[in-house]
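Shown here: structure-v8.cif, mmCIF, C-alpha atoms.
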```cif
data_protein
#
loop_
_atom_site.group_PDB
_atom_site.id
_atom_site.type_symbol
_atom_site.label_atom_id
_atom_site.label_comp_id
_atom_site.auth_asym_id
_atom_site.auth_seq_id
_atom_site.Cartn_x
_atom_site.Cartn_y
_atom_site.Cartn_z
ATOM 1 C CA MET B 38 -19.803 54.762 -49.521
ATOM 2 C CA SER B 39 -21.514 55.563 -46.230
ATOM 3 C CA LEU B 40 -21.044 58.952 -44.614
ATOM 4 C CA ALA B 41 -17.686 59.082 -42.830
ATOM 5 C CA TYR B 42 -17.018 60.682 -39.466
ATOM 6 C CA ARG B 43 -13.627 62.139 -38.548
ATOM 7 C CA THR B 44 -12.993 62.486 -34.823
ATOM 8 C CA PRO B 45 -11.800 66.024 -33.947
ATOM 9 C CA ASP B 46 -8.108 66.265 -33.094
ATOM 10 C CA SER B 47 -9.011 67.946 -29.818
ATOM 11 C CA ARG B 48 -10.285 64.597 -28.541
ATOM 12 C CA PHE B 49 -6.706 63.263 -28.615
ATOM 13 C CA ALA B 50 -4.993 66.091 -26.737
ATOM 14 C CA ASN B 51 -2.738 65.146 -23.818
ATOM 15 C CA LEU B 52 -3.274 61.393 -23.897
ATOM 16 C CA PRO B 53 -1.120 59.639 -21.277
ATOM 17 C CA ASP B 54 2.043 57.916 -22.575
ATOM 18 C CA PHE B 55 1.244 58.764 -26.181
ATOM 19 C CA PRO B 56 3.842 61.228 -27.539
ATOM 20 C CA PHE B 57 3.722 59.881 -31.091
ATOM 21 C CA ARG B 58 3.337 62.008 -34.218
ATOM 22 C CA PRO B 59 0.324 61.141 -36.411
ATOM 23 C CA ASN B 60 0.711 60.015 -40.023
ATOM 24 C CA TYR B 61 -2.090 59.714 -42.579
ATOM 25 C CA HIS B 62 -2.803 57.919 -45.840
ATOM 26 C CA THR B 63 -5.904 58.529 -47.951
ATOM 27 C CA LEU B 64 -7.412 55.414 -49.509
ATOM 28 C CA SER B 65 -8.807 55.324 -53.029
ATOM 29 C CA GLU B 66 -12.352 55.691 -51.601
ATOM 30 C CA GLY B 67 -11.313 58.923 -49.890
ATOM 31 C CA LEU B 68 -11.171 57.455 -46.386
ATOM 32 C CA ARG B 69 -8.219 58.522 -44.249
ATOM 33 C CA VAL B 70 -6.115 55.961 -42.392
ATOM 34 C CA HIS B 71 -4.105 57.089 -39.392
ATOM 35 C CA TYR B 72 -0.920 55.280 -38.406
ATOM 36 C CA LEU B 73 2.130 55.643 -36.199
ATOM 37 C CA ASP B 74 5.550 55.349 -37.834
ATOM 38 C CA GLU B 75 8.394 55.270 -35.323
ATOM 39 C CA GLY B 76 12.056 54.338 -35.684
ATOM 40 C CA PRO B 77 14.528 54.385 -38.604
ATOM 41 C CA ARG B 78 12.822 54.360 -42.016
ATOM 42 C CA ASP B 79 15.373 51.874 -43.355
ATOM 43 C CA ALA B 80 14.982 49.427 -40.455
ATOM 44 C CA THR B 81 12.962 46.206 -40.528
ATOM 45 C CA PRO B 82 9.267 47.135 -40.184
ATOM 46 C CA VAL B 83 7.218 45.722 -37.330
ATOM 47 C CA LEU B 84 3.501 45.998 -38.071
ATOM 48 C CA MET B 85 1.417 46.197 -34.880
ATOM 49 C CA MET B 86 -2.260 45.510 -35.623
ATOM 50 C CA HIS B 87 -4.877 46.364 -32.987
ATOM 51 C CA GLY B 88 -8.234 44.724 -32.378
ATOM 52 C CA GLU B 89 -11.713 45.759 -31.349
ATOM 53 C CA PRO B 90 -12.818 48.076 -29.805
ATOM 54 C CA SER B 91 -9.304 49.433 -29.243
ATOM 55 C CA TRP B 92 -6.966 51.494 -31.435
ATOM 56 C CA CYS B 93 -3.197 51.930 -31.829
ATOM 57 C CA TYR B 94 -3.062 53.538 -28.365
ATOM 58 C CA LEU B 95 -3.075 49.916 -27.178
ATOM 59 C CA TYR B 96 0.553 49.498 -28.288
ATOM 60 C CA ARG B 97 1.946 52.654 -26.644
ATOM 61 C CA HIS B 98 4.054 50.738 -24.099
ATOM 62 C CA MET B 99 5.498 48.374 -26.710
ATOM 63 C CA ILE B 100 6.580 50.825 -29.406
ATOM 64 C CA GLY B 101 9.543 52.265 -27.491
ATOM 65 C CA PRO B 102 11.222 48.951 -26.605
ATOM 66 C CA VAL B 103 10.863 47.612 -30.157
ATOM 67 C CA VAL B 104 12.254 50.816 -31.675
ATOM 68 C CA GLU B 105 15.122 50.762 -29.163
ATOM 69 C CA ALA B 106 15.928 47.241 -30.374
ATOM 70 C CA GLY B 107 16.531 48.707 -33.840
ATOM 71 C CA TYR B 108 13.209 48.256 -35.608
ATOM 72 C CA ARG B 109 10.730 50.524 -37.364
ATOM 73 C CA VAL B 110 7.258 50.276 -35.818
ATOM 74 C CA LEU B 111 4.082 50.938 -37.786
ATOM 75 C CA ALA B 112 0.777 50.867 -35.930
ATOM 76 C CA PRO B 113 -2.299 51.732 -37.991
ATOM 77 C CA ASP B 114 -5.827 52.444 -36.838
ATOM 78 C CA LEU B 115 -8.324 50.316 -38.720
ATOM 79 C CA ILE B 116 -11.084 52.213 -40.481
ATOM 80 C CA GLY B 117 -13.721 52.831 -37.830
ATOM 81 C CA PHE B 118 -11.209 53.188 -34.994
ATOM 82 C CA GLY B 119 -8.767 55.625 -33.436
ATOM 83 C CA LYS B 120 -7.841 58.605 -35.566
ATOM 84 C CA SER B 121 -8.857 56.880 -38.808
ATOM 85 C CA ASP B 122 -12.137 57.814 -40.498
ATOM 86 C CA LYS B 123 -15.268 56.036 -39.316
ATOM 87 C CA LEU B 124 -18.221 54.942 -41.410
ATOM 88 C CA THR B 125 -21.387 55.670 -39.456
ATOM 89 C CA LYS B 126 -23.548 52.774 -40.681
ATOM 90 C CA LYS B 127 -22.914 49.220 -39.501
ATOM 91 C CA SER B 128 -23.918 47.892 -42.917
ATOM 92 C CA ALA B 129 -21.042 49.800 -44.543
ATOM 93 C CA TYR B 130 -18.466 47.478 -42.977
ATOM 94 C CA SER B 131 -17.351 44.035 -44.081
ATOM 95 C CA TYR B 132 -14.419 41.789 -43.319
ATOM 96 C CA ALA B 133 -13.318 41.884 -46.964
ATOM 97 C CA LEU B 134 -13.324 45.697 -46.950
ATOM 98 C CA HIS B 135 -11.128 45.846 -43.843
ATOM 99 C CA VAL B 136 -8.571 43.569 -45.492
ATOM 100 C CA ALA B 137 -8.699 45.596 -48.717
ATOM 101 C CA TRP B 138 -8.297 48.910 -46.884
ATOM 102 C CA MET B 139 -5.239 47.699 -44.979
ATOM 103 C CA ARG B 140 -3.723 46.184 -48.109
ATOM 104 C CA ASP B 141 -4.174 49.532 -49.904
ATOM 105 C CA TRP B 142 -2.356 51.263 -47.040
ATOM 106 C CA LEU B 143 0.393 48.633 -46.892
ATOM 107 C CA ASP B 144 0.944 48.767 -50.653
ATOM 108 C CA ALA B 145 1.302 52.542 -50.490
ATOM 109 C CA LEU B 146 4.105 52.241 -47.939
ATOM 110 C CA GLU B 147 5.937 49.651 -50.091
ATOM 111 C CA LEU B 148 7.081 47.608 -47.096
ATOM 112 C CA ASP B 149 8.930 44.282 -47.221
ATOM 113 C CA ASN B 150 10.415 41.883 -44.647
ATOM 114 C CA ILE B 151 7.525 42.789 -42.351
ATOM 115 C CA VAL B 152 7.236 41.302 -38.867
ATOM 116 C CA LEU B 153 3.526 41.150 -38.021
ATOM 117 C CA ALA B 154 2.454 41.531 -34.386
ATOM 118 C CA CYS B 155 -1.289 41.068 -34.032
ATOM 119 C CA GLN B 156 -4.073 40.477 -31.537
ATOM 120 C CA ASP B 157 -7.880 40.169 -31.673
ATOM 121 C CA TRP B 158 -9.161 41.652 -34.977
ATOM 122 C CA GLY B 159 -5.587 42.626 -35.726
ATOM 123 C CA SER B 160 -5.027 38.933 -36.357
ATOM 124 C CA LEU B 161 -8.119 38.497 -38.514
ATOM 125 C CA VAL B 162 -6.956 41.318 -40.761
ATOM 126 C CA GLY B 163 -3.206 40.836 -40.364
ATOM 127 C CA LEU B 164 -3.142 37.101 -41.062
ATOM 128 C CA ARG B 165 -5.234 37.657 -44.177
ATOM 129 C CA LEU B 166 -2.572 40.139 -45.341
ATOM 130 C CA VAL B 167 0.085 37.497 -44.717
ATOM 131 C CA ALA B 168 -1.940 35.007 -46.756
ATOM 132 C CA ASP B 169 -2.459 37.536 -49.564
ATOM 133 C CA MET B 170 1.247 38.436 -49.845
ATOM 134 C CA PRO B 171 3.378 35.954 -47.882
ATOM 135 C CA ASP B 172 6.582 37.016 -49.636
ATOM 136 C CA ARG B 173 6.383 40.429 -47.965
ATOM 137 C CA PHE B 174 6.286 39.044 -44.423
ATOM 138 C CA ALA B 175 9.363 37.760 -42.590
ATOM 139 C CA ALA B 176 7.663 36.559 -39.406
ATOM 140 C CA VAL B 177 4.472 36.602 -37.338
ATOM 141 C CA VAL B 178 3.814 37.016 -33.609
ATOM 142 C CA LEU B 179 0.214 36.163 -32.737
ATOM 143 C CA SER B 180 -1.428 36.906 -29.390
ATOM 144 C CA ASN B 181 -5.032 36.320 -28.328
ATOM 145 C CA GLY B 182 -6.423 36.033 -31.825
ATOM 146 C CA GLY B 183 -6.950 33.656 -34.683
ATOM 147 C CA LEU B 184 -8.270 33.067 -38.152
ATOM 148 C CA PRO B 185 -11.671 31.403 -37.699
ATOM 149 C CA ALA B 186 -13.258 29.664 -40.664
ATOM 150 C CA GLY B 187 -16.802 28.657 -39.741
ATOM 151 C CA GLU B 188 -16.267 27.030 -36.342
ATOM 152 C CA GLU B 189 -18.996 27.343 -33.719
ATOM 153 C CA PRO B 190 -18.514 30.448 -31.558
ATOM 154 C CA PRO B 191 -17.388 29.935 -27.941
ATOM 155 C CA PRO B 192 -20.183 30.825 -25.476
ATOM 156 C CA ALA B 193 -18.218 33.826 -24.145
ATOM 157 C CA PHE B 194 -17.828 35.220 -27.648
ATOM 158 C CA ASP B 195 -21.456 34.613 -28.551
ATOM 159 C CA LYS B 196 -22.486 36.630 -25.510
ATOM 160 C CA TRP B 197 -20.080 39.453 -26.484
ATOM 161 C CA ARG B 198 -21.414 39.480 -30.045
ATOM 162 C CA ARG B 199 -24.999 39.925 -28.868
ATOM 163 C CA PHE B 200 -24.009 42.650 -26.415
ATOM 164 C CA SER B 201 -22.034 44.634 -28.979
ATOM 165 C CA ARG B 202 -24.869 44.602 -31.473
ATOM 166 C CA TYR B 203 -27.900 45.175 -29.268
ATOM 167 C CA SER B 204 -26.861 46.855 -26.015
ATOM 168 C CA PRO B 205 -28.302 50.383 -25.751
ATOM 169 C CA VAL B 206 -24.976 51.542 -24.310
ATOM 170 C CA PHE B 207 -21.476 50.683 -25.518
ATOM 171 C CA PRO B 208 -18.883 52.151 -23.097
ATOM 172 C CA ILE B 209 -15.663 51.406 -24.956
ATOM 173 C CA GLY B 210 -13.209 52.443 -22.251
ATOM 174 C CA LYS B 211 -15.018 50.316 -19.672
ATOM 175 C CA ILE B 212 -15.084 47.390 -22.117
ATOM 176 C CA LEU B 213 -11.307 47.622 -22.418
ATOM 177 C CA GLN B 214 -11.013 47.634 -18.636
ATOM 178 C CA LYS B 215 -13.184 44.528 -18.260
ATOM 179 C CA ALA B 216 -10.829 42.621 -20.569
ATOM 180 C CA THR B 217 -7.637 43.915 -18.915
ATOM 181 C CA ALA B 218 -6.228 42.475 -15.690
ATOM 182 C CA ARG B 219 -4.519 45.624 -14.420
ATOM 183 C CA THR B 220 -6.510 48.672 -13.372
ATOM 184 C CA LEU B 221 -6.394 51.359 -16.032
ATOM 185 C CA SER B 222 -6.225 54.972 -14.905
ATOM 186 C CA LYS B 223 -9.175 57.259 -15.578
ATOM 187 C CA ALA B 224 -7.047 59.005 -18.206
ATOM 188 C CA GLU B 225 -6.301 55.694 -19.952
ATOM 189 C CA VAL B 226 -9.976 54.731 -19.996
ATOM 190 C CA ALA B 227 -10.740 58.173 -21.425
ATOM 191 C CA ALA B 228 -8.068 57.633 -24.115
ATOM 192 C CA TYR B 229 -9.911 54.537 -25.307
ATOM 193 C CA ASP B 230 -13.165 56.490 -25.348
ATOM 194 C CA ALA B 231 -11.563 59.438 -27.169
ATOM 195 C CA PRO B 232 -12.119 58.284 -30.783
ATOM 196 C CA PHE B 233 -15.844 57.690 -30.255
ATOM 197 C CA PRO B 234 -17.713 60.818 -29.109
ATOM 198 C CA THR B 235 -20.910 60.064 -31.057
ATOM 199 C CA ARG B 236 -23.224 57.106 -31.497
ATOM 200 C CA GLY B 237 -22.450 56.889 -35.213
ATOM 201 C CA SER B 238 -18.702 56.851 -34.610
ATOM 202 C CA LYS B 239 -19.114 53.520 -32.784
ATOM 203 C CA ALA B 240 -20.713 51.714 -35.748
ATOM 204 C CA GLY B 241 -17.534 49.857 -36.676
ATOM 205 C CA ALA B 242 -16.790 48.867 -33.092
ATOM 206 C CA ARG B 243 -20.318 47.562 -32.635
ATOM 207 C CA ILE B 244 -20.475 45.498 -35.835
ATOM 208 C CA PHE B 245 -16.998 43.948 -35.701
ATOM 209 C CA PRO B 246 -17.968 40.940 -33.532
ATOM 210 C CA SER B 247 -20.777 40.086 -35.968
ATOM 211 C CA LEU B 248 -18.275 40.025 -38.847
ATOM 212 C CA VAL B 249 -16.086 37.335 -37.244
ATOM 213 C CA PRO B 250 -16.551 34.256 -39.480
ATOM 214 C CA LEU B 251 -17.776 31.840 -36.821
ATOM 215 C CA GLY B 252 -20.700 29.678 -37.879
ATOM 216 C CA GLN B 253 -22.409 30.571 -41.152
ATOM 217 C CA ASN B 254 -20.581 33.546 -42.652
ATOM 218 C CA ALA B 255 -19.828 34.894 -46.128
ATOM 219 C CA ALA B 256 -16.108 35.172 -45.317
ATOM 220 C CA VAL B 257 -15.576 31.453 -44.636
ATOM 221 C CA PRO B 258 -14.330 30.600 -48.177
ATOM 222 C CA ASP B 259 -11.749 33.395 -47.991
ATOM 223 C CA GLN B 260 -10.655 32.124 -44.579
ATOM 224 C CA ARG B 261 -10.160 28.605 -45.864
ATOM 225 C CA ALA B 262 -8.109 29.933 -48.771
ATOM 226 C CA ALA B 263 -5.969 31.895 -46.317
ATOM 227 C CA TRP B 264 -5.398 28.771 -44.239
ATOM 228 C CA GLU B 265 -4.117 26.992 -47.334
ATOM 229 C CA VAL B 266 -1.347 29.605 -47.487
ATOM 230 C CA LEU B 267 -0.622 29.449 -43.754
ATOM 231 C CA ASP B 268 -0.359 25.667 -44.032
ATOM 232 C CA ARG B 269 2.743 26.338 -46.147
ATOM 233 C CA PHE B 270 4.135 29.332 -44.217
ATOM 234 C CA GLU B 271 7.617 28.274 -43.064
ATOM 235 C CA LYS B 272 8.901 31.570 -41.676
ATOM 236 C CA PRO B 273 9.012 32.058 -37.886
ATOM 237 C CA PHE B 274 5.518 32.092 -36.395
ATOM 238 C CA THR B 275 5.383 32.676 -32.641
ATOM 239 C CA CYS B 276 2.291 32.246 -30.461
ATOM 240 C CA ALA B 277 2.203 34.414 -27.326
ATOM 241 C CA PHE B 278 -1.250 33.929 -25.842
ATOM 242 C CA ALA B 279 -2.435 35.126 -22.426
ATOM 243 C CA ASP B 280 -3.187 32.834 -19.514
ATOM 244 C CA ARG B 281 -6.469 34.535 -18.529
ATOM 245 C CA ASP B 282 -8.308 35.241 -21.774
ATOM 246 C CA PRO B 283 -11.605 33.288 -21.689
ATOM 247 C CA ILE B 284 -12.240 33.719 -25.428
ATOM 248 C CA THR B 285 -8.931 32.838 -27.107
ATOM 249 C CA ARG B 286 -7.232 30.652 -24.473
ATOM 250 C CA GLY B 287 -6.040 27.489 -26.219
ATOM 251 C CA GLY B 288 -6.398 29.060 -29.657
ATOM 252 C CA ASP B 289 -2.674 28.762 -30.273
ATOM 253 C CA ALA B 290 -2.895 24.970 -30.589
ATOM 254 C CA LYS B 291 -4.286 25.123 -34.128
ATOM 255 C CA PHE B 292 -1.418 27.331 -35.316
ATOM 256 C CA ARG B 293 1.245 25.249 -33.583
ATOM 257 C CA ALA B 294 -0.134 22.134 -35.251
ATOM 258 C CA ARG B 295 -0.703 23.474 -38.762
ATOM 259 C CA VAL B 296 1.702 26.334 -39.550
ATOM 260 C CA PRO B 297 5.178 24.997 -40.448
ATOM 261 C CA GLY B 298 6.887 28.075 -38.997
ATOM 262 C CA ALA B 299 5.134 27.448 -35.671
ATOM 263 C CA LYS B 300 5.996 23.760 -35.377
ATOM 264 C CA GLY B 301 8.897 23.305 -32.992
ATOM 265 C CA ASN B 302 9.343 27.065 -32.578
ATOM 266 C CA PRO B 303 11.121 27.506 -29.212
ATOM 267 C CA LEU B 304 9.853 31.079 -28.866
ATOM 268 C CA HIS B 305 6.219 30.211 -28.086
ATOM 269 C CA ARG B 306 5.253 31.525 -24.677
ATOM 270 C CA THR B 307 2.362 32.187 -22.328
ATOM 271 C CA LEU B 308 1.909 35.831 -21.377
ATOM 272 C CA LYS B 309 0.426 36.998 -18.084
ATOM 273 C CA GLY B 310 -2.859 38.803 -18.408
ATOM 274 C CA HIS B 311 -6.318 39.051 -19.918
ATOM 275 C CA HIS B 312 -7.497 39.631 -23.500
ATOM 276 C CA PHE B 313 -5.825 43.016 -24.066
ATOM 277 C CA ILE B 314 -2.404 41.649 -23.260
ATOM 278 C CA GLN B 315 -0.682 44.826 -24.480
ATOM 279 C CA GLU B 316 -1.942 46.468 -21.272
ATOM 280 C CA ASP B 317 -1.031 43.562 -18.985
ATOM 281 C CA ASP B 318 2.242 42.165 -20.346
ATOM 282 C CA SER B 319 3.657 44.639 -22.863
ATOM 283 C CA GLU B 320 7.189 43.597 -21.947
ATOM 284 C CA GLY B 321 6.532 39.933 -22.708
ATOM 285 C CA PHE B 322 4.779 40.702 -25.984
ATOM 286 C CA ALA B 323 7.547 43.097 -27.071
ATOM 287 C CA SER B 324 10.275 40.568 -26.272
ATOM 288 C CA ALA B 325 8.420 37.930 -28.313
ATOM 289 C CA ILE B 326 8.448 40.320 -31.280
ATOM 290 C CA ILE B 327 12.148 41.152 -30.966
ATOM 291 C CA GLU B 328 13.245 37.532 -30.519
ATOM 292 C CA THR B 329 11.059 36.373 -33.413
ATOM 293 C CA ALA B 330 12.500 39.060 -35.682
ATOM 294 C CA MET B 331 15.995 37.989 -34.709
ATOM 295 C CA ARG B 332 15.115 34.349 -35.433
ATOM 296 C CA ALA B 333 13.901 35.464 -38.861
ATOM 297 C CA GLY B 334 17.243 37.165 -39.445
ATOM 298 C CA VAL B 335 15.758 40.618 -39.960
#
```

Let's see the structure in the file written out as structure tokens.
Amino acid sequence: MSLAYRTPDSRFANLPDFPFRPNYHTLSEGLRVHYLDEGPRDATPVLMMHGEPSWCYLYRHMIGPVVEAGYRVLAPDLIGFGKSDKLTKKSAYSYALHVAWMRDWLDALELDNIVLACQDWGSLVGLRLVADMPDRFAAVVLSNGGLPAGEEPPPAFDKWRRFSRYSPVFPIGKILQKATARTLSKAEVAAYDAPFPTRGSKAGARIFPSLVPLGQNAAVPDQRAAWEVLDRFEKPFTCAFADRDPITRGGDAKFRARVPGAKGNPLHRTLKGHHFIQEDDSEGFASAIIETAMRAGV
């Protein structure tokens, strides 16, 4: 296991709109996962999975409304992000490891009837969890993400993948701003930069785009196996994609056509904003989660 970096707690002091208490779980490899756990412990769990290069701070405006609707919200930081430990070598990361780490964490919490809310890499990891243990999930709300299995990368993504791997600078807060329609405050940009004070701490964020299984990729067989499960997933599956995301726009069509729980689902909607829709239309995303959970009867 590569050397792990743990961001000092002082980096997370006084973040705007982030009053949540941290929770931690130590994986079998000794890596520490950070997660938020808000709302009644006996309520239906809503699992909010972030993407790259963000962290659970992304969901800060959605947690309150979902908890107020009567749900328990869990929002983990993937290994390499947020307050979770970060491996400092790009080669230490793989798609399979990210899925395994999150399954370890999810198993430890012994959750059932989960409503998954996911975006970006949160969907690549989250949908694999659904495929691995479909009986533990009651519903899915997918925004600006997917489950690629060897397709050719869109030109915009190919450009992003090259930048993330080779650019001499990688300003994470500014990257979030470029993929968000509204203007973030300086404090919000700083909150996205907070987990990554060193070059090594950004290794996971930099390598993530190269791990997406577009084109030739070792993860393609696992993706195809996951799709075989989703092709039989009959529980509510809501697509809530943004109208201004150049990378994932139109990506909902595959899910609407193939996933039984998405076919004819009246809750599909188009959200207003760019890629990081949690910053642009948190209200629309949160309402999609609540209505989908209600449709699932949980």

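Close contacts of segment 198-213 of chain B, defined as residues with an atom at most 8 Å away when counting all atoms listed in the file, with chain neighbours fewer than 5 positions off set aside, comprise Pro90, Ser91, Glu225, Val226, Ala227, Ala228, Tyr229, Asp230, Ala242, Arg243, Ile244, Pro246, Ser247 and Phe313 of chain B.
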
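Once the PyMOL selection byres ((chain B and resi 113-117) around 8) is applied to the depicted file, the selected set reads Leu68, Arg69, Val70, His71, Tyr72, Leu73, Met85, Met86, His87, Trp92, Cys93, Leu111, Ala112, Phe118, Gly119, Lys120, Ser121, Asp122, Lys123, Leu124, His135, Trp138, Met139, Ser238, Lys239, Ala240, Gly241 and Ala242 of chain B.
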
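Evaluating the PyMOL selection byres ((chain B and resi 101) around 12) against the shown model yields Asp54, Phe55, Pro56, Phe57, Leu73, Asp74, Glu75, Gly76, Tyr96, Arg97, His98, Met99, Ile100, Pro102, Val103, Val104, Glu105, Ala106, Gly107, Tyr108, Arg109, Val110, Leu111, Ser319, Glu320, Ala323, Ser324 and Ile327 of chain B.
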
Fill in: Given the PyMOL selection byres ((chain B and resi 156-162) around 7), the residues it picks as a PyMOL selection string
chain B and resi 86-89+135-136+155+163-166+179-184

Item to complete: Considering all atoms listed in the file, return as a list in words whatever protein or nucleic-acid residues lie within 12 Å of Arg173 of chain B, sequence-local ones (same chain, fewer than 3 positions apart) excluded.
Response: Thr81, Pro82, Val83, Leu84, Arg140, Leu143, Asp144, Glu147, Leu148, Asp149, Asn150, Ile151, Val152, Leu153, Leu166, Val167, Ala168, Asp169, Met170, Ala176, Val177, Phe270 and Lys272 of chain B

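When all atoms listed in the file are used to measure the gap to Ala216 of chain B, the shortest distance among B:Thr44, B:Asn51, B:Thr285, B:Ser128 belongs to B:Thr285.
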
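Distance check against Ala255 of chain B using only C-alpha atoms: of B:Gly321, B:Pro273, B:Tyr132, B:Gly310, the minimum falls on B:Tyr132.
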
Would you pick out the contacts of Gly298 of chain B at 12 Å or less, using all atoms listed in the file, so that residues sharing its chain but fewer than 6 positions from it are not included, and give the list as a compact mmCIF listing (two decimals) with C-alpha atoms, in the frame of the given file?
```
# COMPACT_ATOMS: atom_id res chain seq x y z
CA ALA B 175 9.36 37.76 -42.59
CA ALA B 176 7.66 36.56 -39.41
CA VAL B 177 4.47 36.60 -37.34
CA VAL B 178 3.81 37.02 -33.61
CA VAL B 266 -1.35 29.60 -47.49
CA LEU B 267 -0.62 29.45 -43.75
CA ASP B 268 -0.36 25.67 -44.03
CA ARG B 269 2.74 26.34 -46.15
CA PHE B 270 4.14 29.33 -44.22
CA GLU B 271 7.62 28.27 -43.06
CA LYS B 272 8.90 31.57 -41.68
CA PRO B 273 9.01 32.06 -37.89
CA PHE B 274 5.52 32.09 -36.40
CA THR B 275 5.38 32.68 -32.64
CA CYS B 276 2.29 32.25 -30.46
CA PHE B 292 -1.42 27.33 -35.32
CA LEU B 304 9.85 31.08 -28.87
CA HIS B 305 6.22 30.21 -28.09
CA THR B 329 11.06 36.37 -33.41
CA ARG B 332 15.12 34.35 -35.43
CA ALA B 333 13.90 35.46 -38.86
```

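Here atom CA of Phe278 of chain B and atom CA of Thr307 of chain B stand 5.3 Å from one another.
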
Item to complete: Rounded to one decimal place, report the atom CA of Asn302 of chain B-atom CA of Arg281 of chain B distance in Å.
Response: 22.4 Å

Worksheet item: Which residue gives the smallest distance to Tyr61 of chain B among B:Leu146, B:Ala41, B:Leu134, B:Ala224, with only C-alpha atoms counted?
Response: B:Leu146

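Relative to atom CA of Lys127 of chain B, atom CA of Ser47 of chain B is found at 25.3 Å.
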